[in-house]
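*Asks:* Sharing a structure below in structure tokens format, with a few things to ask.
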Amino acid sequence: MPNTLKIVTGVVLDENTRLTLVELCCLGKTNAEYIFELVEEGLLEPEGLSTPDWRFDSRALKRLQKTIHLQHDLRINLAGAALVLDLLEEVEELRRKL
Amino acid sequence: MEYKDYYQIMGLAKNASKKEIKRAYKKLARKYHPDVSKEKNAEDKFKELGEAYEVLKDPEKRAAYDQLGKKWKSKQGFTPPPGWDAGFEFSGGNFTGGNASEFSDFFESLFGRQFQTDKMGGHYGHQFYAQSNDRHAKIMIDLEEAYKGTTRTISLKMPKLDQLGHLINKLHTLNVKIPKGVKAGQRIRLAGQGGSNLNNGKQGDLYLEIEFNKHPYFQVSERDIYVDLPVTPWEVALGSTISVPTLGGKVELKIPAESQAGKKLRLKGRGLPDSPAGDQYVILKLVIPPAKTAEDELLYEKMSQTMAFNPRTHMGV
């Protein structure tokens with residue numbers, strides 16, 4: 001009954017999206033300690049100086065989710081995951097320009 | 001149900017050593033990882049690989065599988081013979097990376113569902129990942145759809161338990177609104193529309209990543225649209241007003257006299273909707289009319305005599 005389906009509306013995660021630490025943990029289904037590690041590794045770069053002021057953009061959520069997958073599936077350490085993410089983003093960028 | 005040849009999936013010989021199995025798994029896992037791979041069906045292949053490794057790395061499961069495997073070929077219809085696992089005791093080796101709830105019916109018919117995700121042994125990230133049932137998918141839309149907004153019907157396979165407690169794959173269909181102004185690479189998050197975790201009943205989220213289909217003449221960069229516009233020599237030399245296609249329909253564009261090929265003109269606010277909206281850039285592409293008739297040739301002849309124009313003076317020739 002596809003024509004009786006309700007239309008669901010989502011939230012677009014765009015360049016204006018800003019997430020607090022708590023929101024990022026919630027969406028990424030992870031804990032703050034893990035986020036701290038990623039920030040320390042330079043994998044995530046929040047705006048704001050102190051933890052309560054931290055704001056993450058939508059790219060950060062994507063990087064967080066990919067890091068979790070990469071670590072889980074390929075057993076990559078954080079430094080390796082950071083490298084993979086940077087390279088993947090570069091490849092995506094280049095592909096888009098093609 | 002199809003018989004699955006786990007050796008074939010991993011590209012291994014039947015007598016592969018433990019080391020070879022591990023190496024093959026690592027190599028293929030990198031190749032087919034859905035976040036990294038550009039291969040088609042990477043996700044399915046990755047799942048299949050996880051399942052194959054699950055069996056082959058565990059000596060007990062492998063021995064049982066080998067015993068069974070003598071008679072079967074890949075993709076052949078399959079029903080486990082009664083008592084096939086007599087004499088084997090599965091202690092449930094740790095899980096590797098495969099998501100147990102997504103293993104095939106074939107796997108389940110052999111090894112059952114006693115291996116739950118909470119037994120997943122492992123390293124980093126497990127505790128976070130095991131709880132997450134987020135689903136990720138890409139959707140391709142046309143630029144016109146991004147300009148106006150659209151709805152898309154999306155079907156996802158979701159593992160669910162039926163009334164008898166059997167695991168079944170149910171097709172979950174939903175209509176998703178794609179708001180106008182979405183851009184390539186952006187994601188739409190649909191809360192609670194992901195998979196449901198069979199262990200804790202928690203509902204995951206669905207993330208849809210937007211990609212644009214290639215457009216016959218528009219190119220897109222962020223929110224701006226680029227178009228190569230074919231023009232005649234007299235349109236650029238004398239100046240003119242011509243029609244230009246935009247995502248919102250035709251608009252008139254004034255080309256100043258003495259423009260050159262490659263000139264970039266901007267149509268403000270005619271790009272993708274945003275605040276502020278993107279622009280459309282028109283790049284003039286000079287098309288030289290072919291001399292089809294004697295009269296045409298005469299015109300070119302006349303131009304060459306009266307215009308005395310050398311475009312190569314800066315090259316000293």
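FYI, nothing fancy with the structure tokens labels: chains A, B, ... in order, residues from 1 per chain, ligands from 1 as they appear.
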At a cut-off of 9 Å, using only C-alpha atoms, what residues contact region 24-36 of chain B? Leave out same-chain residues fewer than 5 positions from it and give the result as a ChimeraX atom specification.

*Replies:* /A:66,69-70,73-74,84,88 /B:10-12,19,41-46,49-50,52-53

*Asks:* Please check the contacts: residues of chain A at most 7 Å away from chain B, using only C-alpha atoms, listed as a list of chain:residue names.

*Replies:*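 Contact residues on the first chain: A:Leu5, A:Lys6, A:Ile7, A:Val8, A:Thr9, A:Gly10, A:Val11, A:Val12, A:Leu13, A:Asp14, A:Lys29, A:Thr30, A:Lys66, A:Ile68, A:Gln71, A:His72, A:Asp73, A:Leu74, A:Arg75.
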
*Asks:* Emit the selected residues as a PDB file, in the first residue's frame, including N, CA and C atoms.

*Replies:*
```pdb
ATOM      1  N   LEU A   5       1.115   5.386   2.327  1.00  0.00           N
ATOM      2  CA  LEU A   5       2.226   5.616   3.244  1.00  0.00           C
ATOM      3  C   LEU A   5       2.282   7.074   3.694  1.00  0.00           C
ATOM      4  N   LYS A   6       2.529   7.243   4.946  1.00  0.00           N
ATOM      5  CA  LYS A   6       2.702   8.585   5.465  1.00  0.00           C
ATOM      6  C   LYS A   6       4.056   9.108   4.990  1.00  0.00           C
ATOM      7  N   ILE A   7       4.115  10.384   4.725  1.00  0.00           N
ATOM      8  CA  ILE A   7       5.403  10.965   4.330  1.00  0.00           C
ATOM      9  C   ILE A   7       6.168  11.363   5.587  1.00  0.00           C
ATOM     10  N   VAL A   8       7.360  10.816   5.744  1.00  0.00           N
ATOM     11  CA  VAL A   8       8.136  11.163   6.930  1.00  0.00           C
ATOM     12  C   VAL A   8       9.128  12.269   6.592  1.00  0.00           C
ATOM     13  N   THR A   9       9.307  13.139   7.529  1.00  0.00           N
ATOM     14  CA  THR A   9      10.218  14.257   7.343  1.00  0.00           C
ATOM     15  C   THR A   9      11.386  14.103   8.299  1.00  0.00           C
ATOM     16  N   GLY A  10      12.565  14.294   7.784  1.00  0.00           N
ATOM     17  CA  GLY A  10      13.746  14.187   8.626  1.00  0.00           C
ATOM     18  C   GLY A  10      14.358  15.547   8.871  1.00  0.00           C
ATOM     19  N   VAL A  11      15.511  15.530   9.473  1.00  0.00           N
ATOM     20  CA  VAL A  11      16.241  16.762   9.726  1.00  0.00           C
ATOM     21  C   VAL A  11      17.444  16.771   8.790  1.00  0.00           C
ATOM     22  N   VAL A  12      17.596  17.847   8.029  1.00  0.00           N
ATOM     23  CA  VAL A  12      18.767  17.935   7.152  1.00  0.00           C
ATOM     24  C   VAL A  12      19.962  18.374   7.982  1.00  0.00           C
ATOM     25  N   LEU A  13      21.019  17.590   7.889  1.00  0.00           N
ATOM     26  CA  LEU A  13      22.244  17.971   8.586  1.00  0.00           C
ATOM     27  C   LEU A  13      23.084  18.756   7.589  1.00  0.00           C
ATOM     28  N   ASP A  14      23.059  20.073   7.713  1.00  0.00           N
ATOM     29  CA  ASP A  14      23.781  20.886   6.734  1.00  0.00           C
ATOM     30  C   ASP A  14      24.886  21.678   7.420  1.00  0.00           C
ATOM     31  N   LYS A  29      25.520   7.554  19.406  1.00  0.00           N
ATOM     32  CA  LYS A  29      25.332   6.416  20.314  1.00  0.00           C
ATOM     33  C   LYS A  29      26.653   6.032  20.971  1.00  0.00           C
ATOM     34  N   THR A  30      27.298   7.021  21.529  1.00  0.00           N
ATOM     35  CA  THR A  30      28.565   6.755  22.187  1.00  0.00           C
ATOM     36  C   THR A  30      28.662   7.619  23.439  1.00  0.00           C
ATOM     37  N   LYS A  66      31.782   7.152  11.108  1.00  0.00           N
ATOM     38  CA  LYS A  66      32.711   6.372  10.294  1.00  0.00           C
ATOM     39  C   LYS A  66      33.853   5.817  11.144  1.00  0.00           C
ATOM     40  N   ILE A  68      33.732   4.975  14.280  1.00  0.00           N
ATOM     41  CA  ILE A  68      33.221   3.827  15.037  1.00  0.00           C
ATOM     42  C   ILE A  68      33.175   2.583  14.143  1.00  0.00           C
ATOM     43  N   GLN A  71      36.805   1.404  13.307  1.00  0.00           N
ATOM     44  CA  GLN A  71      37.453   0.780  14.457  1.00  0.00           C
ATOM     45  C   GLN A  71      36.873  -0.594  14.718  1.00  0.00           C
ATOM     46  N   HIS A  72      35.567  -0.671  14.585  1.00  0.00           N
ATOM     47  CA  HIS A  72      34.898  -1.928  14.863  1.00  0.00           C
ATOM     48  C   HIS A  72      35.195  -2.977  13.794  1.00  0.00           C
ATOM     49  N   ASP A  73      35.092  -2.590  12.543  1.00  0.00           N
ATOM     50  CA  ASP A  73      35.163  -3.572  11.459  1.00  0.00           C
ATOM     51  C   ASP A  73      36.582  -3.888  11.038  1.00  0.00           C
ATOM     52  N   LEU A  74      37.438  -2.888  11.047  1.00  0.00           N
ATOM     53  CA  LEU A  74      38.789  -3.108  10.532  1.00  0.00           C
ATOM     54  C   LEU A  74      39.856  -3.035  11.618  1.00  0.00           C
ATOM     55  N   ARG A  75      39.407  -2.799  12.852  1.00  0.00           N
ATOM     56  CA  ARG A  75      40.343  -2.722  13.978  1.00  0.00           C
ATOM     57  C   ARG A  75      41.432  -1.693  13.754  1.00  0.00           C
TER      58      ARG A  75
END
```

*Asks:* Residues of chain A classed as helix (DSSP H, G or I) by DSSP on the backbone are to be reported as a ChimeraX atom specification.

*Replies:* /A:2-4,21-28,32-40,51-53,58-74,78-97

*Asks:* Write out as a VMD selection string all residues of region 165-311 of chain B that backbone DSSP assigns to strand (DSSP E).

*Replies:* chain B and resid 167 to 178 187 to 190 206 to 212 218 to 221 224 to 231 240 to 246 249 to 255 264 to 267 280 to 286

*Asks:* Could you pull the residues within 9 Å of region 265-274 of chain B, counting only C-alpha atoms, minus those fewer than 4 positions along the same chain, as a VMD selection string?

*Replies:* chain B and resid 143 146 to 148 180 to 183 220 222 to 226 246 to 248 253 255 278 to 284

*Asks:* Rounded to one decimal, what separation in Å do you get between CA of Pro256 (chain B) and CA of Ser240 (chain B)?

*Replies:*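 That distance, rounded to one decimal, is 6.8 Å.
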
*Asks:* Excluding Arg59 (chain A) and residues on its chain fewer than 4 positions from it, collect all residues at most 12 Å away from it, counting only C-alpha atoms, and give them as a count of residues only.

*Replies:* 23

*Asks:* Could you name the residues that touch region 49-53 of chain A at 10 Å or less, counting only C-alpha atoms, but leaving out those on the same chain fewer than 2 positions away, as a list of chain:residue names?

*Replies:*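 Non-adjacent residues within range: A:Thr20, A:Leu21, A:Val22, A:Phe36, A:Pro46, A:Glu47, A:Arg55, A:Phe56.
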
*Asks:* Which of these residues is nearest to Gly28 (chain A), using only C-alpha atoms: A:Glu40, A:Leu61, A:Trp54, A:Glu90?

*Replies:*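 Using only C-alpha atoms, Gly28 (chain A) sits closest to A:Leu61.
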
*Asks:* One decimal, Å: what's the distance from CA of Trp234 (chain B) over to CA of Pro289 (chain B), could you say?

*Replies:*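 Going from CA of Trp234 (chain B) over to CA of Pro289 (chain B), I get 10.4 Å.
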
*Asks:* What is the distance between CA of Ile9 (chain B) and CA of Lys47 (chain B), in Å to one decimal?

*Replies:* 10.8 Å
